[in-house]
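Engineer: My structure is below; once you've seen it, I'll send some questions.
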Amino acid sequence: MTQQTQASPLNASAPSNAGAKNPVLEVKDLSVSYGKVEALTNASITVGEGQIVTVIGPNGAGKTTMLSAIMGVLGSKGRVAFDGTLEVVPEVERMVARGMNLVPEKRELFGEMSVEDNLVLGAFQRYRMGKRDHAQTLEEVYALFPRLKERRDQHAGTMSGGERQMLAVGRALMAKPKLLMLDEPSLGLAPLIVREIFRIISELRRRGVSILLVEQNARAALQVADYAYVLETGQIAMQGPAHELADDPRVIEAYLGFGGKHQAMLST
Amino acid sequence: MDFSIALILGQDGITNGAIYALLALALVLVFAVTRVIFIQQGEFVAYGALTLAMMQSGATPATVWLLVAMGVLVTALDGAKALKAGQGRRAAGVAGWNLAYPLALAGLLGALPANELPLALQVVLTLAIVVPMGPMMYRLMYQPIASAPVLILLIVSVALHIAMVGLGLLFFGAEGQRTPSFSDASFELGPLMVSGQTLWVLVVSVLLIVGLYQFFERTLYGKALRATAINRVGAQLMGISPALAGKLTFFLAAFIGALSGVLIAPITTIYYDTGFLIGLKGFVAAIIGGLASYPLAAAGALVVGLLEAFASFWASAYKEVIVFTLIIPVLLWRSLRSHHVEEEE
């Protein structure tokens, strides 16, 4: 089993994210079309075990499309290998069962259900497979997000934006994912909450969760990530270790603003 | 009308209302989770009642062959798919539930002197035949078009309703059937004579409603169905597949329908096409609840039942008209109260 996870099932000629040992996720030549419009063209990315990999890029570059295709929500062409097994056609339930989890941009919470019910439902697939440990996982998630414990009986729909994002992440963690995919976790949140969200992302990595992070907040994303891809008009335009990309003049100009790096350092 | 007649009518109304309430709850549930308007709910009532009657007459209920036929189709579709994907265990599971189970049931019914069994066992056998048709029907007819607009799903429901009525005529013949009461006991409640069957209907309905409530509030599968009704995408990302939710919902709806049929078979004569009117009254109740609210639907069902009972006394020729006219003020009120939202597709 371990051998299987170590060998690349895609037989990739040269893995782009070379720093990634034991890739959890390998995506090769992934393309998605909406009718005649190609939203994603031959994108290849790799997420190593325990890594935070970020995909940055402007609005409409195809970031969300890419995550949806990997998760199996959208149909796609190309190859997705997850946890050592090639998925011919990714299928959402199967991906969840195998330990992949997506926190979508719109959160997609169950608004008329309590916070606790939302969380417990995150463990549905594990429960279905006979792993009835959700009570314990729930305590772990509450330890990570004390705010959610305070609001456990409140309806999810009545919470603030930051709390809803925490709930969405907490719900995904209930599945004990090997790979957590976060789509714009900081979108629409106040700066203090954004900092809290990124603190939690680092904390999750410390606990061994691999993370694929899609962000428009390039500065924060590059700070927290190990490796980064820049997606522009559906194609991977640049890639490299996150700290190198943060120094790249083109990235600074397009995504960080002039002197972005220094500001980023100041803000930490 | 004197007080004792009003009491008798009230009792009738509440008994029928309890059944309509069960059907209305099933309709709301099916619509919320799958967006299917479950027209053929009434046919499950008729199939439940008539399967039991046929069993009691000593014949093998023909519905079991329908179950076998549906099972063969499901096995052919899902089993082949699983085998193609190299999932041998899954294929075996599919074949076990959809092929081996119906055949075993058919064999059992052929071997058993079903008409000599105690009533409780006959009821269990009836449910064992009719209820699995619910999830199979979802798999065969709705799952392939699960994301189609509500109108398309409705058209499929109408088609299935017509097909099931036709098959009902083929299976059970045109004769009406009535089954013996669950109990011959009766109770005097002041001036009112309450029959044992009435009590059965009320108690089972209340138990079923409480059971459903517990299922949705306490169990993870129940919560998963609610979650699917609230946010389909979110549910799918939790690994709750629309197919699973749909099959589970249709299982519950078929169970409620078939059990309702078994309960009322001793009270009313059931024909192969009786189900439609019964289901339609449940539908009126569900509409009162806006196809969304369970308590309103249940309350609406009691109103429908009572209105029907009193209408049959005052103007028996018009009782159906009166009951179905109820829907007009409700729809008017609803259309004034709520703003129209375009369906998201």
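Naming works like this for the structure tokens: A, B, ... for the chains as they're shown, residue 1 at the start of each chain, ligands 1 onward in shown order.
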Can you tell me, as a ChimeraX atom specification, what residues are no more than 10 Å from Tyr227 (chain A) when counting only C-alpha atoms, ignoring any on the same chain fewer than 5 positions away?
Structural biologist: /A:17-20,46-48,51-55,212,221-222,239-245
Engineer: Write out as a VMD selection string each polymer residue whose atoms come within 10 Å of region 161-168 of chain A, counting only C-alpha atoms; drop sequence neighbours fewer than 3 positions from it.
Structural biologist: (chain A and resid 102 to 111 115 to 116 118 to 119 122 141 144 to 145 147 to 148 151 156 to 158 171 to 173 182 184 to 190 192 to 194 196 to 197 200) or (chain B and resid 234)
Engineer: For chain A, work out the contacting residues on chain B at 10 Å, counting only C-alpha atoms, and write them as a list in words.
Structural biologist: Ala85, Glu217, Arg218, Leu220, Tyr221, Lys223, Ala224, Arg226, Ala227, Thr228, Ala229, Ile230, Asn231, Arg232, Val233, Gly234, Ala235, Gln236, Leu237, Met238, Gly239, Ile240, Ser241 and Pro242 of chain B
Engineer: Using only N, CA and C atoms, please write the residues we just selected to a file, as a PDB file, in the first residue's frame.
Structural biologist:
```pdb
ATOM      1  N   ALA B  85     -16.605  -1.352 -13.739  1.00  0.00           N
ATOM      2  CA  ALA B  85     -15.646  -0.593 -12.944  1.00  0.00           C
ATOM      3  C   ALA B  85     -14.787  -1.523 -12.079  1.00  0.00           C
ATOM      4  N   GLU B 217     -34.635  13.992  13.100  1.00  0.00           N
ATOM      5  CA  GLU B 217     -33.957  14.811  14.097  1.00  0.00           C
ATOM      6  C   GLU B 217     -32.733  14.122  14.680  1.00  0.00           C
ATOM      7  N   ARG B 218     -32.806  12.795  14.810  1.00  0.00           N
ATOM      8  CA  ARG B 218     -31.783  12.111  15.599  1.00  0.00           C
ATOM      9  C   ARG B 218     -30.780  11.295  14.800  1.00  0.00           C
ATOM     10  N   LEU B 220     -28.305  10.129  11.582  1.00  0.00           N
ATOM     11  CA  LEU B 220     -27.482  10.802  10.584  1.00  0.00           C
ATOM     12  C   LEU B 220     -28.089  10.658   9.190  1.00  0.00           C
ATOM     13  N   TYR B 221     -28.729   9.523   8.929  1.00  0.00           N
ATOM     14  CA  TYR B 221     -29.361   9.361   7.612  1.00  0.00           C
ATOM     15  C   TYR B 221     -30.540  10.321   7.459  1.00  0.00           C
ATOM     16  N   LYS B 223     -30.828  13.215   8.980  1.00  0.00           N
ATOM     17  CA  LYS B 223     -30.247  14.550   8.795  1.00  0.00           C
ATOM     18  C   LYS B 223     -29.710  14.699   7.383  1.00  0.00           C
ATOM     19  N   ALA B 224     -29.171  13.617   6.848  1.00  0.00           N
ATOM     20  CA  ALA B 224     -28.629  13.681   5.482  1.00  0.00           C
ATOM     21  C   ALA B 224     -29.750  13.999   4.491  1.00  0.00           C
ATOM     22  N   ARG B 226     -32.527  15.680   5.193  1.00  0.00           N
ATOM     23  CA  ARG B 226     -32.866  17.098   5.389  1.00  0.00           C
ATOM     24  C   ARG B 226     -31.826  17.979   4.721  1.00  0.00           C
ATOM     25  N   ALA B 227     -30.557  17.603   4.895  1.00  0.00           N
ATOM     26  CA  ALA B 227     -29.477  18.399   4.307  1.00  0.00           C
ATOM     27  C   ALA B 227     -29.624  18.446   2.794  1.00  0.00           C
ATOM     28  N   THR B 228     -29.975  17.317   2.185  1.00  0.00           N
ATOM     29  CA  THR B 228     -30.145  17.286   0.735  1.00  0.00           C
ATOM     30  C   THR B 228     -31.275  18.216   0.320  1.00  0.00           C
ATOM     31  N   ALA B 229     -32.346  18.241   1.139  1.00  0.00           N
ATOM     32  CA  ALA B 229     -33.469  19.115   0.815  1.00  0.00           C
ATOM     33  C   ALA B 229     -33.062  20.581   0.919  1.00  0.00           C
ATOM     34  N   ILE B 230     -32.180  20.894   1.871  1.00  0.00           N
ATOM     35  CA  ILE B 230     -31.788  22.286   2.090  1.00  0.00           C
ATOM     36  C   ILE B 230     -30.754  22.732   1.065  1.00  0.00           C
ATOM     37  N   ASN B 231     -29.752  21.919   0.840  1.00  0.00           N
ATOM     38  CA  ASN B 231     -28.655  22.318  -0.048  1.00  0.00           C
ATOM     39  C   ASN B 231     -28.073  21.087  -0.736  1.00  0.00           C
ATOM     40  N   ARG B 232     -28.497  20.886  -1.974  1.00  0.00           N
ATOM     41  CA  ARG B 232     -28.110  19.668  -2.700  1.00  0.00           C
ATOM     42  C   ARG B 232     -26.603  19.618  -2.931  1.00  0.00           C
ATOM     43  N   VAL B 233     -26.021  20.755  -3.304  1.00  0.00           N
ATOM     44  CA  VAL B 233     -24.580  20.783  -3.585  1.00  0.00           C
ATOM     45  C   VAL B 233     -23.788  20.504  -2.313  1.00  0.00           C
ATOM     46  N   GLY B 234     -24.184  21.196  -1.238  1.00  0.00           N
ATOM     47  CA  GLY B 234     -23.497  20.991   0.037  1.00  0.00           C
ATOM     48  C   GLY B 234     -23.568  19.527   0.462  1.00  0.00           C
ATOM     49  N   ALA B 235     -24.734  18.926   0.302  1.00  0.00           N
ATOM     50  CA  ALA B 235     -24.901  17.527   0.706  1.00  0.00           C
ATOM     51  C   ALA B 235     -23.995  16.625  -0.110  1.00  0.00           C
ATOM     52  N   GLN B 236     -23.926  16.918  -1.409  1.00  0.00           N
ATOM     53  CA  GLN B 236     -23.108  16.081  -2.271  1.00  0.00           C
ATOM     54  C   GLN B 236     -21.638  16.152  -1.864  1.00  0.00           C
ATOM     55  N   LEU B 237     -21.200  17.357  -1.452  1.00  0.00           N
ATOM     56  CA  LEU B 237     -19.807  17.518  -1.036  1.00  0.00           C
ATOM     57  C   LEU B 237     -19.514  16.784   0.268  1.00  0.00           C
ATOM     58  N   MET B 238     -20.574  16.438   1.024  1.00  0.00           N
ATOM     59  CA  MET B 238     -20.385  15.636   2.225  1.00  0.00           C
ATOM     60  C   MET B 238     -20.420  14.142   1.897  1.00  0.00           C
ATOM     61  N   GLY B 239     -20.582  13.829   0.622  1.00  0.00           N
ATOM     62  CA  GLY B 239     -20.642  12.431   0.226  1.00  0.00           C
ATOM     63  C   GLY B 239     -22.040  11.856   0.269  1.00  0.00           C
ATOM     64  N   ILE B 240     -23.048  12.740   0.433  1.00  0.00           N
ATOM     65  CA  ILE B 240     -24.433  12.269   0.411  1.00  0.00           C
ATOM     66  C   ILE B 240     -24.881  12.340  -1.040  1.00  0.00           C
ATOM     67  N   SER B 241     -24.885  11.228  -1.736  1.00  0.00           N
ATOM     68  CA  SER B 241     -25.173  11.297  -3.165  1.00  0.00           C
ATOM     69  C   SER B 241     -26.661  11.497  -3.374  1.00  0.00           C
ATOM     70  N   PRO B 242     -27.022  12.265  -4.416  1.00  0.00           N
ATOM     71  CA  PRO B 242     -28.443  12.463  -4.705  1.00  0.00           C
ATOM     72  C   PRO B 242     -29.146  11.127  -4.947  1.00  0.00           C
TER      73      PRO B 242
END
```
Engineer: What lies within 6 Å of Ile211 (chain A) using only C-alpha atoms, ignoring chain neighbours under 6 positions off, as an MDAnalysis selection string?
Structural biologist: chainID A and resid 52 179:181
Engineer: Take the selection from the previous step and output its residues with C-alpha atoms, as an mmCIF file, in the first residue's frame.
Structural biologist:
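Dumped everything to selection-v6.cif:
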```
data_model
loop_
_atom_site.group_PDB
_atom_site.id
_atom_site.type_symbol
_atom_site.label_atom_id
_atom_site.label_comp_id
_atom_site.auth_asym_id
_atom_site.auth_seq_id
_atom_site.Cartn_x
_atom_site.Cartn_y
_atom_site.Cartn_z
ATOM 1 C CA ILE A 52 0.127 23.622 1.417
ATOM 2 C CA LEU A 179 -6.527 16.545 1.212
ATOM 3 C CA LEU A 180 -8.497 19.651 2.004
ATOM 4 C CA MET A 181 -9.298 21.954 -0.890
#
```
Engineer: What is the CA of Thr233 (chain A) to CA of Val80 (chain A) distance in Å?
Structural biologist: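 Between CA of Thr233 (chain A) and CA of Val80 (chain A) the gap is 20.6 Å.
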Engineer: For region 267-274 of chain B, list every protein, DNA or RNA residue within 10 Å, evaluated using only C-alpha atoms, and leave out those in the same chain fewer than 6 positions away; present the list as an MDAnalysis selection string.
Structural biologist: chainID B and resid 15:16 42:43 45:47 49:50 53 161:162 164:181 195 197:198 201 261
Engineer: Using DSSP on the backbone coordinates, identify all residues within region 44-245 of chain A classified as strand (DSSP E or B); present the result as a PyMOL selection string.
Structural biologist: chain A and resi 44-48+52-56+77-82+85-87+100-103+114+155+179-183+210-215+227-232+235-241
Engineer: Write the selection just made, keeping N, CA and C atoms, as a short mmCIF file (atom, residue, chain, number, x, y, z; two decimals), in the first residue's frame?
Structural biologist:
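The result, stored in result.cif:
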```cif
data_model
loop_
_atom_site.label_atom_id
_atom_site.label_comp_id
_atom_site.auth_asym_id
_atom_site.auth_seq_id
_atom_site.Cartn_x
_atom_site.Cartn_y
_atom_site.Cartn_z
N SER A 44 -1.78 21.20 -14.95
CA SER A 44 -1.16 20.11 -14.21
C SER A 44 -0.65 20.65 -12.88
N ILE A 45 -1.07 20.04 -11.80
CA ILE A 45 -0.56 20.46 -10.49
C ILE A 45 -0.30 19.25 -9.62
N THR A 46 0.52 19.44 -8.62
CA THR A 46 0.86 18.37 -7.69
C THR A 46 0.80 18.91 -6.27
N VAL A 47 0.20 18.13 -5.39
CA VAL A 47 0.21 18.49 -3.98
C VAL A 47 0.89 17.35 -3.22
N GLY A 48 1.96 17.66 -2.53
CA GLY A 48 2.66 16.64 -1.77
C GLY A 48 2.05 16.44 -0.40
N ILE A 52 1.17 22.68 1.80
CA ILE A 52 0.13 23.62 1.42
C ILE A 52 0.51 24.13 0.04
N VAL A 53 -0.36 23.87 -0.92
CA VAL A 53 -0.12 24.34 -2.28
C VAL A 53 -1.21 25.34 -2.60
N THR A 54 -0.80 26.47 -3.16
CA THR A 54 -1.80 27.47 -3.46
C THR A 54 -1.89 27.72 -4.96
N VAL A 55 -3.08 28.02 -5.40
CA VAL A 55 -3.30 28.44 -6.78
C VAL A 55 -3.85 29.85 -6.72
N ILE A 56 -3.07 30.80 -7.24
CA ILE A 56 -3.54 32.18 -7.23
C ILE A 56 -3.84 32.60 -8.66
N LYS A 77 -11.66 16.58 -18.79
CA LYS A 77 -10.74 15.69 -19.50
C LYS A 77 -9.39 15.79 -18.81
N GLY A 78 -8.63 14.72 -18.82
CA GLY A 78 -7.34 14.75 -18.17
C GLY A 78 -7.26 13.66 -17.13
N ARG A 79 -6.21 13.71 -16.32
CA ARG A 79 -6.03 12.63 -15.36
C ARG A 79 -5.87 13.19 -13.95
N VAL A 80 -6.58 12.58 -13.03
CA VAL A 80 -6.49 12.97 -11.63
C VAL A 80 -6.09 11.73 -10.83
N ALA A 81 -4.93 11.80 -10.17
CA ALA A 81 -4.53 10.70 -9.31
C ALA A 81 -4.57 11.21 -7.88
N PHE A 82 -5.30 10.49 -7.05
CA PHE A 82 -5.42 10.91 -5.66
C PHE A 82 -5.00 9.78 -4.75
N THR A 85 -4.06 6.47 -6.42
CA THR A 85 -4.94 5.77 -7.35
C THR A 85 -5.44 6.73 -8.41
N LEU A 86 -5.37 6.26 -9.64
CA LEU A 86 -5.85 7.08 -10.75
C LEU A 86 -7.37 7.06 -10.81
N GLU A 87 -7.97 8.23 -10.88
CA GLU A 87 -9.42 8.31 -11.03
C GLU A 87 -9.73 8.58 -12.49
N MET A 100 -10.88 13.14 0.14
CA MET A 100 -10.72 14.46 -0.46
C MET A 100 -11.93 15.30 -0.05
N ASN A 101 -11.68 16.55 0.31
CA ASN A 101 -12.79 17.38 0.74
C ASN A 101 -12.66 18.78 0.19
N LEU A 102 -13.76 19.33 -0.26
CA LEU A 102 -13.76 20.67 -0.84
C LEU A 102 -14.61 21.59 0.01
N VAL A 103 -14.02 22.73 0.40
CA VAL A 103 -14.80 23.79 1.03
C VAL A 103 -15.06 24.82 -0.06
N SER A 114 -28.75 23.20 12.66
CA SER A 114 -27.87 23.75 13.68
C SER A 114 -26.41 23.57 13.28
N HIS A 155 -28.73 28.15 14.33
CA HIS A 155 -28.86 27.80 12.92
C HIS A 155 -27.68 28.36 12.14
N LEU A 179 -6.76 15.32 1.98
CA LEU A 179 -6.53 16.55 1.21
C LEU A 179 -7.73 17.46 1.37
N LEU A 180 -7.44 18.67 1.84
CA LEU A 180 -8.50 19.65 2.00
C LEU A 180 -8.32 20.70 0.92
N MET A 181 -9.38 20.93 0.15
CA MET A 181 -9.30 21.95 -0.89
C MET A 181 -10.15 23.14 -0.46
N LEU A 182 -9.51 24.30 -0.36
CA LEU A 182 -10.22 25.48 0.12
C LEU A 182 -10.36 26.46 -1.03
N ASP A 183 -11.60 26.84 -1.33
CA ASP A 183 -11.83 27.78 -2.42
C ASP A 183 -12.12 29.17 -1.83
N SER A 210 -2.92 17.74 4.08
CA SER A 210 -2.44 18.42 2.88
C SER A 210 -3.52 19.38 2.41
N ILE A 211 -3.08 20.52 1.91
CA ILE A 211 -4.06 21.56 1.58
C ILE A 211 -3.80 22.13 0.18
N LEU A 212 -4.88 22.19 -0.58
CA LEU A 212 -4.83 22.91 -1.86
C LEU A 212 -5.69 24.15 -1.68
N LEU A 213 -5.01 25.30 -1.76
CA LEU A 213 -5.65 26.55 -1.40
C LEU A 213 -5.79 27.44 -2.62
N VAL A 214 -7.01 27.79 -2.94
CA VAL A 214 -7.24 28.71 -4.05
C VAL A 214 -7.57 30.07 -3.46
N GLU A 215 -6.84 31.09 -3.86
CA GLU A 215 -7.02 32.39 -3.22
C GLU A 215 -6.85 33.54 -4.20
N TYR A 227 4.23 25.77 -2.00
CA TYR A 227 4.41 25.79 -3.44
C TYR A 227 3.22 26.52 -4.02
N ALA A 228 3.44 27.20 -5.14
CA ALA A 228 2.34 28.00 -5.68
C ALA A 228 2.26 27.90 -7.20
N TYR A 229 1.06 27.99 -7.68
CA TYR A 229 0.79 28.04 -9.12
C TYR A 229 0.03 29.33 -9.40
N VAL A 230 0.35 29.95 -10.54
CA VAL A 230 -0.43 31.11 -10.96
C VAL A 230 -1.27 30.68 -12.16
N LEU A 231 -2.58 30.81 -12.01
CA LEU A 231 -3.50 30.41 -13.07
C LEU A 231 -4.03 31.66 -13.75
N GLU A 232 -3.82 31.72 -15.08
CA GLU A 232 -4.33 32.87 -15.84
C GLU A 232 -5.05 32.36 -17.06
N GLN A 235 -4.95 28.65 -17.79
CA GLN A 235 -3.68 27.94 -17.95
C GLN A 235 -2.73 28.27 -16.81
N ILE A 236 -1.89 27.29 -16.48
CA ILE A 236 -0.87 27.56 -15.46
C ILE A 236 0.18 28.45 -16.10
N ALA A 237 0.28 29.69 -15.63
CA ALA A 237 1.20 30.63 -16.24
C ALA A 237 2.57 30.58 -15.56
N MET A 238 2.57 30.37 -14.26
CA MET A 238 3.83 30.34 -13.52
C MET A 238 3.69 29.35 -12.39
N GLN A 239 4.81 28.84 -11.93
CA GLN A 239 4.79 28.02 -10.74
C GLN A 239 6.15 28.02 -10.08
N GLY A 240 6.17 27.67 -8.83
CA GLY A 240 7.43 27.62 -8.12
C GLY A 240 7.18 27.61 -6.63
N PRO A 241 8.27 27.42 -5.86
CA PRO A 241 8.12 27.50 -4.40
C PRO A 241 7.51 28.86 -4.04
#
```
Engineer: Have a look at CA of Val284 (chain B) and CA of Phe215 (chain B) and let me know their distance in Å, one decimal.
Structural biologist: 24.9 Å
Engineer: So which bits of region 21-241 of chain A end up alpha helix (DSSP H) when you DSSP the backbone, as a ChimeraX atom specification?
Structural biologist: /A:63-71,92-98,115-122,124-128,134-144,146-150,161-173,191-206,218-224
Engineer: Which residue is closest to Val72 (chain B)? Choose from B:Val150, B:Leu103, B:Phe250, B:Tyr213 and count only C-alpha atoms.
Structural biologist: B:Leu103
Engineer: Give me the residues near Ile155 (chain B) as a VMD selection string, where near means some atom within 12 Å (using only C-alpha atoms) and where sequence neighbours in that chain fewer than 3 positions away do not count.
Structural biologist: chain B and resid 36 to 40 141 to 142 145 148 to 152 158 to 162
Engineer: Got a sec: who's within 10 Å of Leu326 (chain B), counting only C-alpha atoms, leaving out chain neighbours fewer than 6 positions off, as a compact mmCIF listing (two decimals) with C-alpha atoms, in the first residue's frame?
Structural biologist:
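Once written, part_3.txt looks like this:
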```
# COMPACT_ATOMS: atom_id res chain seq x y z
CA VAL B 284 -54.26 18.95 -1.33
CA ALA B 285 -52.99 18.75 2.25
CA ILE B 288 -51.76 23.65 2.12
CA VAL B 303 -58.89 19.80 7.56
CA VAL B 304 -59.24 17.80 4.35
CA LEU B 307 -64.24 18.61 5.37
```
Engineer: Could you name the residues that touch region 243-247 of chain B at 7 Å or less, counting only C-alpha atoms, but leaving out those on the same chain fewer than 4 positions away, as a list in words?
Structural biologist: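 Answer for this query is Val33, Thr34, Pro135, Tyr138, Arg139, Gln143, Leu225 and Phe251 of chain B.
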Engineer: Pick the closest to Thr137 (chain A) from A:Arg152, A:Lys36, A:Lys176, A:Arg205: which is it, counting only C-alpha atoms?
Structural biologist: A:Lys176
